[in-house]
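Shown next, in structure tokens, is the structure this report addresses.
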Amino acid sequence: MTTGAQADTASPRTAQRADARRNRERVLDAADAVFSQIGPTASTEEVARRAGVSIGTVFRHFPTKEALIEAVVLGRLEQLTAEARELGDAGDADTAFMAFFHRWIELSATKHQFARALAHSGTDVQEVRSAHPDVVQELHDAIAVLLARAQHAGSIRRDLTVSDLVALMVGASRAHEHIGPNSEQRAHLLSVTIDGLRPR
């Protein structure tokens, strides 16, 4: 049984934990935006300013800038995983599969610009992923559900594996980035890629 004194003690602690979680999320959101726009050379002071917190709050959650950059990379992978899982429960398997495929492409420009900028700063996205295989595995598992449902529905060829699909999405993303802002050519290229996913 919790006494009144215990409840009074627990309540402020719970509020502090909730505040800390909110501040961490604000810092991550701001860092994602800042690093996407400016690159990882952007200062942590700019991240703090965008997040509306002190620089001390940033370093309390992320002791180094490298730790902050790594958290941003992981956050993007987790975001894709959450979206894939949500679509995995959608009614129409083909619509869900295509929605995720388009979503991956939509995020491509920022992701690859960010990855290149990280490489110039000495941070390798692939090394971050290798250090957190569970996060990558969860994303692949969520994609596998989308792929299996679409294959079962007969809308995607059955010889396609998750590794094949990820490689195709990465390739299509880079092709879109190479084309630039030509929306008509982008749409044409995407339709060609999707045609290749359909059963013969």
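As shown in the structure tokens, the chain order sets the letters A, B, ...; within each chain, residues go from 1, and ligands are also counted from 1 in the order they appear.
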Quiz item: Which residues, written as a ChimeraX atom specification, have at least one atom at most 12 Å from Ser155 of chain A, with only C-alpha atoms counted and residues fewer than 4 positions away on the same chain left out?
Solution: /A:92-98,146-151,160,194-200
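What separates atom CA of Arg76 of chain A from atom CA of Asp32 of chain A is a distance of 8.6 Å.
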Self-check item: Using only C-alpha atoms: which of A:Gln185, A:Thr57, A:Thr161, A:Ser130 has the shortest distance to Leu28 of chain A
Solution: A:Thr57
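Proximity to Ile143 of chain A was assessed for A:Val72, A:Val166, A:Val58, A:Ala99 counting only C-alpha atoms; the smallest distance is recorded for A:Val166.
For the choices A:Leu77, A:Leu68, A:Val53, A:Val27, the atom-to-atom distance to Trp104 of chain A is smallest for A:Leu77 when using only C-alpha atoms.
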